[in-house]
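What's in structure.pdb: PDB, C-alpha atoms, pLDDT in the B column
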```pdb
ATOM      1  CA  MET A   1      17.448   4.638   2.966  1.00 95.00           C
ATOM      2  CA  GLU A   2      20.124   5.755   5.399  1.00 97.00           C
ATOM      3  CA  ILE A   3      20.325   4.158   8.842  1.00 98.00           C
ATOM      4  CA  TYR A   4      22.260   5.727  11.709  1.00 97.00           C
ATOM      5  CA  GLU A   5      22.935   3.933  14.978  1.00 97.00           C
ATOM      6  CA  GLU A   6      23.471   5.440  18.402  1.00 96.00           C
ATOM      7  CA  ILE A   7      23.186   4.287  21.991  1.00 96.00           C
ATOM      8  CA  ASN A   8      21.076   6.478  24.263  1.00 95.00           C
ATOM      9  CA  ASP A   9      20.951   5.531  27.966  1.00 92.00           C
ATOM     10  CA  GLY A  10      21.857   1.982  26.990  1.00 92.00           C
ATOM     11  CA  ILE A  11      19.064   1.741  24.423  1.00 96.00           C
ATOM     12  CA  ALA A  12      19.886   1.268  20.748  1.00 97.00           C
ATOM     13  CA  VAL A  13      18.367   3.953  18.561  1.00 98.00           C
ATOM     14  CA  LEU A  14      18.262   3.470  14.813  1.00 98.00           C
ATOM     15  CA  THR A  15      17.496   6.684  12.989  1.00 98.00           C
ATOM     16  CA  LEU A  16      16.040   5.980   9.554  1.00 98.00           C
ATOM     17  CA  GLU A  17      16.051   8.465   6.687  1.00 98.00           C
ATOM     18  CA  GLY A  18      14.202   8.046   3.400  1.00 97.00           C
ATOM     19  CA  ARG A  19      11.848   5.394   2.100  1.00 98.00           C
ATOM     20  CA  LEU A  20      11.127   2.121   3.878  1.00 98.00           C
ATOM     21  CA  ASP A  21      10.134  -0.041   0.929  1.00 97.00           C
ATOM     22  CA  ALA A  22      10.917  -3.237  -0.953  1.00 96.00           C
ATOM     23  CA  VAL A  23      14.415  -1.988  -1.722  1.00 97.00           C
ATOM     24  CA  SER A  24      15.407  -0.765   1.721  1.00 97.00           C
ATOM     25  CA  SER A  25      13.668  -3.313   3.935  1.00 96.00           C
ATOM     26  CA  LYS A  26      16.644  -5.698   3.905  1.00 96.00           C
ATOM     27  CA  GLY A  27      18.886  -2.917   5.169  1.00 97.00           C
ATOM     28  CA  LEU A  28      16.673  -2.445   8.196  1.00 98.00           C
ATOM     29  CA  LYS A  29      16.672  -6.169   8.951  1.00 97.00           C
ATOM     30  CA  ASP A  30      20.463  -6.243   8.632  1.00 97.00           C
ATOM     31  CA  ALA A  31      20.846  -3.262  10.987  1.00 98.00           C
ATOM     32  CA  VAL A  32      18.621  -4.896  13.605  1.00 98.00           C
ATOM     33  CA  ASN A  33      20.506  -8.184  13.311  1.00 97.00           C
ATOM     34  CA  GLU A  34      23.782  -6.324  13.834  1.00 97.00           C
ATOM     35  CA  LEU A  35      22.386  -4.850  17.056  1.00 97.00           C
ATOM     36  CA  LEU A  36      21.365  -8.298  18.266  1.00 97.00           C
ATOM     37  CA  LYS A  37      24.880  -9.566  17.641  1.00 96.00           C
ATOM     38  CA  LYS A  38      25.990  -6.828  20.058  1.00 95.00           C
ATOM     39  CA  GLU A  39      23.333  -8.018  22.510  1.00 95.00           C
ATOM     40  CA  LYS A  40      21.282  -4.869  22.023  1.00 96.00           C
ATOM     41  CA  SER A  41      17.674  -6.034  21.920  1.00 96.00           C
ATOM     42  CA  SER A  42      15.952  -2.956  23.335  1.00 97.00           C
ATOM     43  CA  ILE A  43      15.588  -0.878  20.202  1.00 98.00           C
ATOM     44  CA  VAL A  44      13.981   2.394  19.192  1.00 98.00           C
ATOM     45  CA  LEU A  45      13.362   3.235  15.544  1.00 98.00           C
ATOM     46  CA  ASN A  46      13.410   6.993  15.074  1.00 98.00           C
ATOM     47  CA  MET A  47      11.277   7.453  11.949  1.00 98.00           C
ATOM     48  CA  LEU A  48      11.110  11.237  11.862  1.00 98.00           C
ATOM     49  CA  LYS A  49      12.718  11.319   8.424  1.00 98.00           C
ATOM     50  CA  VAL A  50      10.904   8.311   6.931  1.00 98.00           C
ATOM     51  CA  ASP A  51       8.630   9.932   4.368  1.00 96.00           C
ATOM     52  CA  PHE A  52       7.269   6.795   2.701  1.00 97.00           C
ATOM     53  CA  ILE A  53       6.448   3.253   3.730  1.00 97.00           C
ATOM     54  CA  ASP A  54       4.772   0.490   1.743  1.00 97.00           C
ATOM     55  CA  SER A  55       3.634  -3.027   2.609  1.00 96.00           C
ATOM     56  CA  SER A  56       7.174  -4.342   2.134  1.00 97.00           C
ATOM     57  CA  GLY A  57       8.415  -1.801   4.648  1.00 97.00           C
ATOM     58  CA  LEU A  58       5.657  -2.782   7.034  1.00 97.00           C
ATOM     59  CA  GLY A  59       6.661  -6.402   6.574  1.00 96.00           C
ATOM     60  CA  SER A  60      10.230  -5.574   7.512  1.00 97.00           C
ATOM     61  CA  LEU A  61       9.046  -3.879  10.694  1.00 97.00           C
ATOM     62  CA  VAL A  62       7.039  -6.972  11.621  1.00 96.00           C
ATOM     63  CA  SER A  63       9.969  -9.236  10.777  1.00 97.00           C
ATOM     64  CA  CYS A  64      12.316  -7.184  12.956  1.00 97.00           C
ATOM     65  CA  LEU A  65       9.824  -7.196  15.802  1.00 97.00           C
ATOM     66  CA  LYS A  66       9.552 -10.991  15.682  1.00 96.00           C
ATOM     67  CA  THR A  67      13.328 -11.387  15.583  1.00 97.00           C
ATOM     68  CA  VAL A  68      13.864  -9.043  18.508  1.00 97.00           C
ATOM     69  CA  ASN A  69      11.005 -10.524  20.531  1.00 95.00           C
ATOM     70  CA  ASN A  70      12.672 -13.905  20.188  1.00 94.00           C
ATOM     71  CA  GLU A  71      15.683 -12.382  21.938  1.00 94.00           C
ATOM     72  CA  ARG A  72      13.385 -11.091  24.680  1.00 94.00           C
ATOM     73  CA  GLY A  73      13.704  -7.561  23.394  1.00 96.00           C
ATOM     74  CA  ASP A  74      11.385  -5.038  21.799  1.00 96.00           C
ATOM     75  CA  ILE A  75      11.219  -2.522  18.988  1.00 97.00           C
ATOM     76  CA  ARG A  76       9.467   0.751  19.716  1.00 98.00           C
ATOM     77  CA  LEU A  77       8.664   3.338  17.084  1.00 98.00           C
ATOM     78  CA  ALA A  78       9.108   7.077  17.446  1.00 98.00           C
ATOM     79  CA  SER A  79       8.317  10.282  15.560  1.00 98.00           C
ATOM     80  CA  LEU A  80       6.126   8.881  12.803  1.00 98.00           C
ATOM     81  CA  GLN A  81       5.156  11.238  10.012  1.00 97.00           C
ATOM     82  CA  ASP A  82       1.414  11.517   9.511  1.00 96.00           C
ATOM     83  CA  GLN A  83       1.317   9.499   6.293  1.00 95.00           C
ATOM     84  CA  VAL A  84       3.396   6.696   7.770  1.00 97.00           C
ATOM     85  CA  ARG A  85       1.221   6.595  10.870  1.00 97.00           C
ATOM     86  CA  ALA A  86      -1.850   6.449   8.636  1.00 96.00           C
ATOM     87  CA  ILE A  87      -0.557   3.305   6.909  1.00 95.00           C
ATOM     88  CA  LEU A  88       0.127   1.639  10.245  1.00 96.00           C
ATOM     89  CA  GLU A  89      -3.426   2.486  11.274  1.00 94.00           C
ATOM     90  CA  LEU A  90      -4.936   1.306   7.992  1.00 93.00           C
ATOM     91  CA  THR A  91      -3.242  -2.087   8.363  1.00 93.00           C
ATOM     92  CA  ARG A  92      -3.951  -2.217  12.129  1.00 92.00           C
ATOM     93  CA  LEU A  93      -0.249  -2.768  12.760  1.00 93.00           C
ATOM     94  CA  TYR A  94      -0.190   0.103  15.253  1.00 93.00           C
ATOM     95  CA  ARG A  95      -1.649  -2.521  17.606  1.00 93.00           C
ATOM     96  CA  VAL A  96       1.588  -4.506  17.807  1.00 94.00           C
ATOM     97  CA  PHE A  97       4.051  -1.636  18.158  1.00 95.00           C
ATOM     98  CA  GLN A  98       4.469   0.807  20.971  1.00 96.00           C
ATOM     99  CA  ILE A  99       4.544   4.217  19.275  1.00 97.00           C
ATOM    100  CA  PHE A 100       5.916   7.396  20.832  1.00 98.00           C
ATOM    101  CA  ASP A 101       5.907  11.033  19.824  1.00 97.00           C
ATOM    102  CA  ASP A 102       9.687  11.339  19.984  1.00 97.00           C
ATOM    103  CA  SER A 103      12.791   9.238  20.311  1.00 97.00           C
ATOM    104  CA  ASP A 104      13.734  10.390  23.836  1.00 97.00           C
ATOM    105  CA  THR A 105      10.329   9.392  25.175  1.00 97.00           C
ATOM    106  CA  ALA A 106      10.616   6.011  23.486  1.00 98.00           C
ATOM    107  CA  VAL A 107      14.056   5.479  25.057  1.00 97.00           C
ATOM    108  CA  LYS A 108      12.760   6.422  28.495  1.00 97.00           C
ATOM    109  CA  SER A 109       9.876   3.970  28.135  1.00 97.00           C
ATOM    110  CA  TYR A 110      12.301   1.051  28.569  1.00 94.00           C
TER     111      TYR A 110
ATOM    112  CA  MET B 111      -8.925  14.999 -19.009  1.00 87.00           C
ATOM    113  CA  LYS B 112      -5.176  14.540 -18.805  1.00 91.00           C
ATOM    114  CA  LYS B 113      -3.270  11.345 -19.378  1.00 95.00           C
ATOM    115  CA  ILE B 114       0.346  10.473 -18.829  1.00 96.00           C
ATOM    116  CA  LYS B 115       2.238   7.229 -19.399  1.00 97.00           C
ATOM    117  CA  PHE B 116       5.466   6.026 -17.823  1.00 94.00           C
ATOM    118  CA  ILE B 117       7.472   2.960 -18.663  1.00 97.00           C
ATOM    119  CA  ILE B 118      10.019   1.562 -16.249  1.00 98.00           C
ATOM    120  CA  LYS B 119      12.159  -1.540 -16.350  1.00 98.00           C
ATOM    121  CA  SER B 120      11.040  -4.195 -13.914  1.00 98.00           C
ATOM    122  CA  ASP B 121      13.671  -3.399 -11.305  1.00 98.00           C
ATOM    123  CA  LEU B 122      12.555  -2.561  -7.775  1.00 98.00           C
ATOM    124  CA  GLU B 123      15.164   0.191  -7.784  1.00 97.00           C
ATOM    125  CA  ASN B 124      12.982   2.043 -10.319  1.00 98.00           C
ATOM    126  CA  VAL B 125       9.752   1.912  -8.332  1.00 98.00           C
ATOM    127  CA  ALA B 126      10.436   4.892  -6.069  1.00 97.00           C
ATOM    128  CA  LEU B 127      10.979   7.154  -9.058  1.00 96.00           C
ATOM    129  CA  ALA B 128       7.639   6.152 -10.569  1.00 97.00           C
ATOM    130  CA  GLY B 129       5.874   6.468  -7.227  1.00 98.00           C
ATOM    131  CA  MET B 130       7.258   9.898  -6.477  1.00 97.00           C
ATOM    132  CA  SER B 131       6.320  11.040  -9.975  1.00 97.00           C
ATOM    133  CA  ILE B 132       2.727   9.944  -9.421  1.00 97.00           C
ATOM    134  CA  ASN B 133       2.685  11.729  -6.069  1.00 97.00           C
ATOM    135  CA  LYS B 134       4.022  14.955  -7.583  1.00 97.00           C
ATOM    136  CA  LEU B 135       1.593  14.897 -10.488  1.00 96.00           C
ATOM    137  CA  CYS B 136      -1.350  14.341  -8.157  1.00 95.00           C
ATOM    138  CA  SER B 137      -0.153  17.101  -5.820  1.00 95.00           C
ATOM    139  CA  LEU B 138      -0.423  19.544  -8.708  1.00 94.00           C
ATOM    140  CA  THR B 139      -4.157  18.850  -8.912  1.00 92.00           C
ATOM    141  CA  THR B 140      -6.952  19.244  -6.395  1.00 91.00           C
ATOM    142  CA  MET B 141      -5.631  16.298  -4.390  1.00 93.00           C
ATOM    143  CA  ASP B 142      -4.230  17.109  -0.960  1.00 94.00           C
ATOM    144  CA  ASP B 143      -0.974  15.689   0.416  1.00 94.00           C
ATOM    145  CA  SER B 144      -2.690  12.686   1.972  1.00 95.00           C
ATOM    146  CA  GLN B 145      -4.505  11.737  -1.220  1.00 95.00           C
ATOM    147  CA  SER B 146      -1.366  12.194  -3.316  1.00 96.00           C
ATOM    148  CA  PHE B 147       0.524   9.958  -0.902  1.00 97.00           C
ATOM    149  CA  GLN B 148      -2.168   7.323  -1.221  1.00 96.00           C
ATOM    150  CA  MET B 149      -1.944   7.413  -5.016  1.00 97.00           C
ATOM    151  CA  GLU B 150       1.830   6.929  -4.727  1.00 98.00           C
ATOM    152  CA  LEU B 151       1.336   4.071  -2.286  1.00 98.00           C
ATOM    153  CA  CYS B 152      -1.096   2.256  -4.577  1.00 98.00           C
ATOM    154  CA  ALA B 153       1.155   2.748  -7.590  1.00 98.00           C
ATOM    155  CA  VAL B 154       4.133   1.367  -5.662  1.00 98.00           C
ATOM    156  CA  GLU B 155       2.198  -1.651  -4.389  1.00 98.00           C
ATOM    157  CA  ALA B 156       0.904  -2.513  -7.849  1.00 98.00           C
ATOM    158  CA  ILE B 157       4.275  -2.035  -9.548  1.00 98.00           C
ATOM    159  CA  ASN B 158       5.958  -4.158  -6.879  1.00 98.00           C
ATOM    160  CA  ASN B 159       3.435  -6.903  -7.582  1.00 97.00           C
ATOM    161  CA  SER B 160       4.180  -6.780 -11.290  1.00 98.00           C
ATOM    162  CA  ILE B 161       7.917  -6.966 -10.716  1.00 98.00           C
ATOM    163  CA  ILE B 162       7.922  -9.580  -7.962  1.00 97.00           C
ATOM    164  CA  HIS B 163       5.025 -11.816  -8.956  1.00 96.00           C
ATOM    165  CA  ALA B 164       4.442 -11.308 -12.676  1.00 98.00           C
ATOM    166  CA  TYR B 165       8.107 -11.008 -13.654  1.00 98.00           C
ATOM    167  CA  ASN B 166       9.606 -12.995 -10.759  1.00 97.00           C
ATOM    168  CA  ASN B 167      12.112 -10.168 -10.166  1.00 97.00           C
ATOM    169  CA  GLU B 168      13.520 -10.455 -13.680  1.00 97.00           C
ATOM    170  CA  ILE B 169      14.672  -6.882 -14.318  1.00 96.00           C
ATOM    171  CA  THR B 170      14.674  -6.632 -18.104  1.00 96.00           C
ATOM    172  CA  ASN B 171      10.914  -6.388 -18.653  1.00 98.00           C
ATOM    173  CA  ASP B 172       8.704  -3.332 -18.937  1.00 98.00           C
ATOM    174  CA  VAL B 173       6.087  -2.120 -16.498  1.00 98.00           C
ATOM    175  CA  GLU B 174       3.736   0.487 -17.921  1.00 98.00           C
ATOM    176  CA  ILE B 175       2.080   3.039 -15.673  1.00 98.00           C
ATOM    177  CA  TYR B 176      -0.828   5.154 -16.837  1.00 98.00           C
ATOM    178  CA  LEU B 177      -2.266   8.067 -14.857  1.00 97.00           C
ATOM    179  CA  GLU B 178      -5.535   9.604 -15.987  1.00 97.00           C
ATOM    180  CA  ILE B 179      -6.804  12.760 -14.306  1.00 95.00           C
ATOM    181  CA  ALA B 180     -10.428  13.656 -14.946  1.00 94.00           C
ATOM    182  CA  ASP B 181     -12.852  16.033 -13.304  1.00 91.00           C
ATOM    183  CA  LYS B 182     -14.434  13.392 -11.116  1.00 93.00           C
ATOM    184  CA  TYR B 183     -11.862  10.657 -10.812  1.00 95.00           C
ATOM    185  CA  PHE B 184      -8.199   9.665 -10.898  1.00 97.00           C
ATOM    186  CA  GLN B 185      -7.288   6.408 -12.598  1.00 98.00           C
ATOM    187  CA  LEU B 186      -4.073   4.449 -12.307  1.00 98.00           C
ATOM    188  CA  ASP B 187      -3.356   1.507 -14.601  1.00 98.00           C
ATOM    189  CA  ILE B 188      -0.359  -0.747 -14.055  1.00 98.00           C
ATOM    190  CA  CYS B 189       0.411  -3.111 -16.935  1.00 98.00           C
ATOM    191  CA  ASP B 190       2.833  -5.980 -17.379  1.00 98.00           C
ATOM    192  CA  ARG B 191       3.318  -8.923 -19.712  1.00 98.00           C
ATOM    193  CA  GLY B 192       4.327 -11.446 -17.089  1.00 98.00           C
ATOM    194  CA  LYS B 193       2.551 -14.225 -15.241  1.00 97.00           C
ATOM    195  CA  THR B 194      -1.162 -13.525 -14.882  1.00 97.00           C
ATOM    196  CA  MET B 195      -2.485 -13.125 -11.358  1.00 96.00           C
ATOM    197  CA  ASP B 196      -5.204 -15.468 -10.162  1.00 93.00           C
ATOM    198  CA  LYS B 197      -8.363 -13.350  -9.999  1.00 83.00           C
ATOM    199  CA  ASP B 198      -9.266 -14.919  -6.671  1.00 91.00           C
ATOM    200  CA  ILE B 199      -6.272 -13.190  -5.122  1.00 93.00           C
ATOM    201  CA  LEU B 200      -7.731  -9.757  -5.855  1.00 92.00           C
ATOM    202  CA  GLU B 201     -11.205 -10.776  -4.758  1.00 90.00           C
ATOM    203  CA  ARG B 202      -9.934 -12.176  -1.460  1.00 90.00           C
ATOM    204  CA  ALA B 203      -7.687  -9.206  -0.659  1.00 90.00           C
ATOM    205  CA  ASP B 204      -9.261  -7.393   2.273  1.00 87.00           C
ATOM    206  CA  ILE B 205      -7.671  -5.616   5.218  1.00 83.00           C
ATOM    207  CA  ASN B 206     -10.434  -6.926   7.457  1.00 80.00           C
ATOM    208  CA  LEU B 207      -9.827 -10.529   6.438  1.00 76.00           C
ATOM    209  CA  LEU B 208      -6.108 -10.652   7.144  1.00 78.00           C
ATOM    210  CA  LYS B 209      -5.545 -13.393   9.690  1.00 78.00           C
ATOM    211  CA  ASP B 210      -3.245 -11.397  11.920  1.00 82.00           C
ATOM    212  CA  ASN B 211      -3.244 -12.090  15.632  1.00 84.00           C
ATOM    213  CA  PHE B 212      -2.280  -8.732  17.088  1.00 84.00           C
ATOM    214  CA  ASP B 213      -1.868 -10.266  20.526  1.00 85.00           C
ATOM    215  CA  ASN B 214       0.987 -12.401  19.236  1.00 87.00           C
ATOM    216  CA  PRO B 215       3.476 -10.865  16.780  1.00 86.00           C
ATOM    217  CA  GLU B 216       4.560 -14.354  15.744  1.00 88.00           C
ATOM    218  CA  GLU B 217       1.144 -14.741  14.138  1.00 88.00           C
ATOM    219  CA  ILE B 218       1.340 -11.575  12.080  1.00 90.00           C
ATOM    220  CA  SER B 219       2.089 -11.906   8.404  1.00 89.00           C
ATOM    221  CA  GLU B 220       5.149 -10.188   6.972  1.00 89.00           C
ATOM    222  CA  SER B 221       3.687  -9.984   3.469  1.00 89.00           C
ATOM    223  CA  GLY B 222       0.462 -10.106   1.494  1.00 87.00           C
ATOM    224  CA  ARG B 223      -0.937  -6.683   2.373  1.00 92.00           C
ATOM    225  CA  GLY B 224      -0.328  -4.861  -0.895  1.00 95.00           C
ATOM    226  CA  LEU B 225      -3.564  -5.602  -2.710  1.00 96.00           C
ATOM    227  CA  ALA B 226      -5.585  -5.229   0.480  1.00 95.00           C
ATOM    228  CA  VAL B 227      -4.129  -1.761   0.966  1.00 96.00           C
ATOM    229  CA  ILE B 228      -4.939  -0.862  -2.635  1.00 97.00           C
ATOM    230  CA  LYS B 229      -8.541  -2.032  -2.274  1.00 96.00           C
ATOM    231  CA  ASP B 230      -8.927  -0.114   0.973  1.00 95.00           C
ATOM    232  CA  VAL B 231      -7.566   3.131  -0.445  1.00 96.00           C
ATOM    233  CA  MET B 232      -9.126   3.030  -3.901  1.00 97.00           C
ATOM    234  CA  ASP B 233     -12.803   3.165  -4.768  1.00 97.00           C
ATOM    235  CA  LYS B 234     -12.687   0.617  -7.586  1.00 97.00           C
ATOM    236  CA  VAL B 235     -10.039  -1.986  -8.439  1.00 97.00           C
ATOM    237  CA  THR B 236     -10.213  -4.371 -11.386  1.00 97.00           C
ATOM    238  CA  TYR B 237      -7.790  -6.770 -13.040  1.00 97.00           C
ATOM    239  CA  LYS B 238      -7.847  -8.277 -16.477  1.00 96.00           C
ATOM    240  CA  SER B 239      -5.506 -10.003 -18.848  1.00 97.00           C
ATOM    241  CA  VAL B 240      -5.996  -9.541 -22.577  1.00 97.00           C
ATOM    242  CA  ASN B 241      -3.629 -10.669 -25.320  1.00 96.00           C
ATOM    243  CA  GLY B 242      -0.886 -11.292 -22.811  1.00 96.00           C
ATOM    244  CA  ILE B 243      -1.152  -7.877 -21.179  1.00 98.00           C
ATOM    245  CA  ASN B 244      -2.099  -7.849 -17.501  1.00 98.00           C
ATOM    246  CA  ARG B 245      -3.746  -4.634 -16.351  1.00 98.00           C
ATOM    247  CA  LEU B 246      -4.592  -3.598 -12.810  1.00 98.00           C
ATOM    248  CA  THR B 247      -6.936  -0.610 -12.905  1.00 98.00           C
ATOM    249  CA  MET B 248      -7.427   1.524  -9.800  1.00 98.00           C
ATOM    250  CA  ILE B 249      -9.927   4.370  -9.639  1.00 98.00           C
ATOM    251  CA  LYS B 250     -10.275   7.043  -6.985  1.00 96.00           C
ATOM    252  CA  TYR B 251     -13.360   9.216  -7.253  1.00 95.00           C
ATOM    253  CA  ILE B 252     -13.130  12.827  -6.180  1.00 87.00           C
TER     254      ILE B 252
END
```

Would you mind writing the file's structure down as C-alpha cells?
Amino acid sequence: MEIYEEINDGIAVLTLEGRLDAVSSKGLKDAVNELLKKEKSSIVLNMLKVDFIDSSGLGSLVSCLKTVNNERGDIRLASLQDQVRAILELTRLYRVFQIFDDSDTAVKSY
Amino acid sequence: MKKIKFIIKSDLENVALAGMSINKLCSLTTMDDSQSFQMELCAVEAINNSIIHAYNNEITNDVEIYLEIADKYFQLDICDRGKTMDKDILERADINLLKDNFDNPEEISESGRGLAVIKDVMDKVTYKSVNGINRLTMIKYI
C-alpha cells in the first residue's frame, strides 16, 4: 500500500492507495506515529483508492485511533469505497469513526 | 461443477494474490462485485489464520486453497498442516458477541474479528482436522 502525506488547512491528510491488510497495516501505524512526532494529531485518512480491507486492516485503524486519541487528537475517514464501507458496517466499527464523503469535508470538520 | 486448487507458501505477502484470484474467478460467474469481494475477504481471513496461528508466521509451509463452483453454492476450503485450531474458537466467533465498547475506543479490540466476519458472510462454516490436515470449509449458497 502506498501512503502519501499532505497538510491541508493545518490538518494532516494521509492518502492511502491499495490494500489495507495484514501486510500493510504496520505501514499505516508507522505513518500515523510519524505525524504524532510532528505534533499532528488531527488526521484525515483519504481512502478513495483503498480497494480492499480485512480484519487486520480494521485492527490497524482501531490501533491508530487509540494512539491518536491518547494524544487528544482524532482520525476521521473519508471517501470510502462501497466494499470497504460495508466491512466497517458489518463489524460495527463505523460507530467509532467519523466518516465523510470526501477528504475536504473531513478536513473542514475539524 | 468447477473446481480449482491453489497452493501458496505461508507468507502473508502471498495472501493478496490468492485473494484477488478468488475474487476474479467469482466475478466471472453469476456473483456480483459485492459477493466476489466477500469471497475474497473470507479467503484472506482464513489464509491469514493458517499462516499466523497454524504456522506461527513460519513462511516455508504450504497453504492449500480450493474453490468449488456449483449451480447452487460456492465452496472455499483452506487447508494447512500446522497447529490445529480449538473448535471452541470457531463456535464462539460471532460479530454480535464481540465485547467492543463503541463509546470508548480504548475498549475496542484490535484483533479477533476474522472468523466472526467469515461466519457472518458465509452460510455454513465448518472446521476439521484429519490426519494432520486442518480444513476450514466455507459455503455460500446462491

Explicit residue set for the ChimeraX specification (/A :<12) & /B, as an NGL selection string: :B and (121-127 or 129-130 or 133 or 142-159 or 161-162 or 167 or 204-231)

Check what the PyMOL selection byres ((chain B and resi 249) around 7) selects in the file above and give those residues as an MDAnalysis selection string. chainID B and resid 183:186 232:235 247:248 250:251

Surrounding residues of Asp9 in chain A excluding itself and chain neighbours under 2 positions, 8 Å, only C-alpha atoms, as a count of residues only: 3

For the PyMOL selection byres ((chain A and resi 109) around 12), applied here, can you spell out every residue it catches as number ranges by chain? A: 9, 11, 42-44, 74-78, 98-108, 110

Size and centre in Å, one decimal, axis-aligned box, all listed range 129-145 of chain B atoms plus 4 Å per side, as lines of an AutoDock Vina configuration file:
```
center_x = 0.2
center_y = 13.0
center_z = -4.3
size_x = 22.2
size_y = 21.1
size_z = 20.5
```

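CA of Leu246 in chain B lies 23.8 Å from CA of Thr140 in chain B.
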
Between CA of His163 in chain B and CA of Leu88 in chain A, what distance in Å does the model show, to one decimal? 24.0 Å

Excluding same-chain residues fewer than 4 positions from Glu2 in chain A, what lies within 12 Å of it counting all atoms listed in the file, as a list in words?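 Listing them by chain and then by number gives Leu14, Thr15, Leu16, Glu17, Gly18, Arg19, Leu20, Val23, Ser24, Ser25, Gly27, Leu28, Ala31, Asn46, Met47, Lys49 and Val50 of chain A.
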
Please produce range 82-97 of chain A, completed to N, CA and C atoms, as a JSON list (two decimals), in the frame of the given file.
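The resulting file, out06.json, is reproduced below:
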```json
[["chain", "number", "residue", "atom", "x", "y", "z"],
["A", 82, "ASP", "N", 2.86, 11.79, 9.58],
["A", 82, "ASP", "CA", 1.41, 11.52, 9.51],
["A", 82, "ASP", "C", 1.06, 10.42, 8.50],
["A", 83, "GLN", "N", 1.68, 10.47, 7.33],
["A", 83, "GLN", "CA", 1.32, 9.50, 6.29],
["A", 83, "GLN", "C", 1.76, 8.08, 6.68],
["A", 84, "VAL", "N", 2.90, 8.01, 7.34],
["A", 84, "VAL", "CA", 3.40, 6.70, 7.77],
["A", 84, "VAL", "C", 2.50, 6.15, 8.88],
["A", 85, "ARG", "N", 2.14, 7.01, 9.80],
["A", 85, "ARG", "CA", 1.22, 6.60, 10.87],
["A", 85, "ARG", "C", -0.11, 6.13, 10.28],
["A", 86, "ALA", "N", -0.57, 6.81, 9.25],
["A", 86, "ALA", "CA", -1.85, 6.45, 8.64],
["A", 86, "ALA", "C", -1.81, 5.03, 8.05],
["A", 87, "ILE", "N", -0.68, 4.66, 7.47],
["A", 87, "ILE", "CA", -0.56, 3.30, 6.91],
["A", 87, "ILE", "C", -0.55, 2.25, 8.02],
["A", 88, "LEU", "N", 0.14, 2.57, 9.11],
["A", 88, "LEU", "CA", 0.13, 1.64, 10.24],
["A", 88, "LEU", "C", -1.29, 1.48, 10.79],
["A", 89, "GLU", "N", -2.05, 2.57, 10.78],
["A", 89, "GLU", "CA", -3.43, 2.49, 11.27],
["A", 89, "GLU", "C", -4.30, 1.72, 10.29],
["A", 90, "LEU", "N", -4.12, 1.99, 9.01],
["A", 90, "LEU", "CA", -4.94, 1.31, 7.99],
["A", 90, "LEU", "C", -4.76, -0.21, 8.08],
["A", 91, "THR", "N", -3.53, -0.65, 8.31],
["A", 91, "THR", "CA", -3.24, -2.09, 8.36],
["A", 91, "THR", "C", -3.38, -2.66, 9.77],
["A", 92, "ARG", "N", -3.77, -1.82, 10.72],
["A", 92, "ARG", "CA", -3.95, -2.22, 12.13],
["A", 92, "ARG", "C", -2.64, -2.55, 12.83],
["A", 93, "LEU", "N", -1.52, -2.36, 12.16],
["A", 93, "LEU", "CA", -0.25, -2.77, 12.76],
["A", 93, "LEU", "C", 0.17, -1.87, 13.92],
["A", 94, "TYR", "N", -0.49, -0.74, 14.08],
["A", 94, "TYR", "CA", -0.19, 0.10, 15.25],
["A", 94, "TYR", "C", -0.49, -0.67, 16.54],
["A", 95, "ARG", "N", -1.28, -1.76, 16.41],
["A", 95, "ARG", "CA", -1.65, -2.52, 17.61],
["A", 95, "ARG", "C", -0.52, -3.40, 18.14],
["A", 96, "VAL", "N", 0.50, -3.64, 17.33],
["A", 96, "VAL", "CA", 1.59, -4.51, 17.81],
["A", 96, "VAL", "C", 2.85, -3.73, 18.15],
["A", 97, "PHE", "N", 2.87, -2.44, 17.84],
["A", 97, "PHE", "CA", 4.05, -1.64, 18.16],
["A", 97, "PHE", "C", 3.69, -0.58, 19.20]]
```
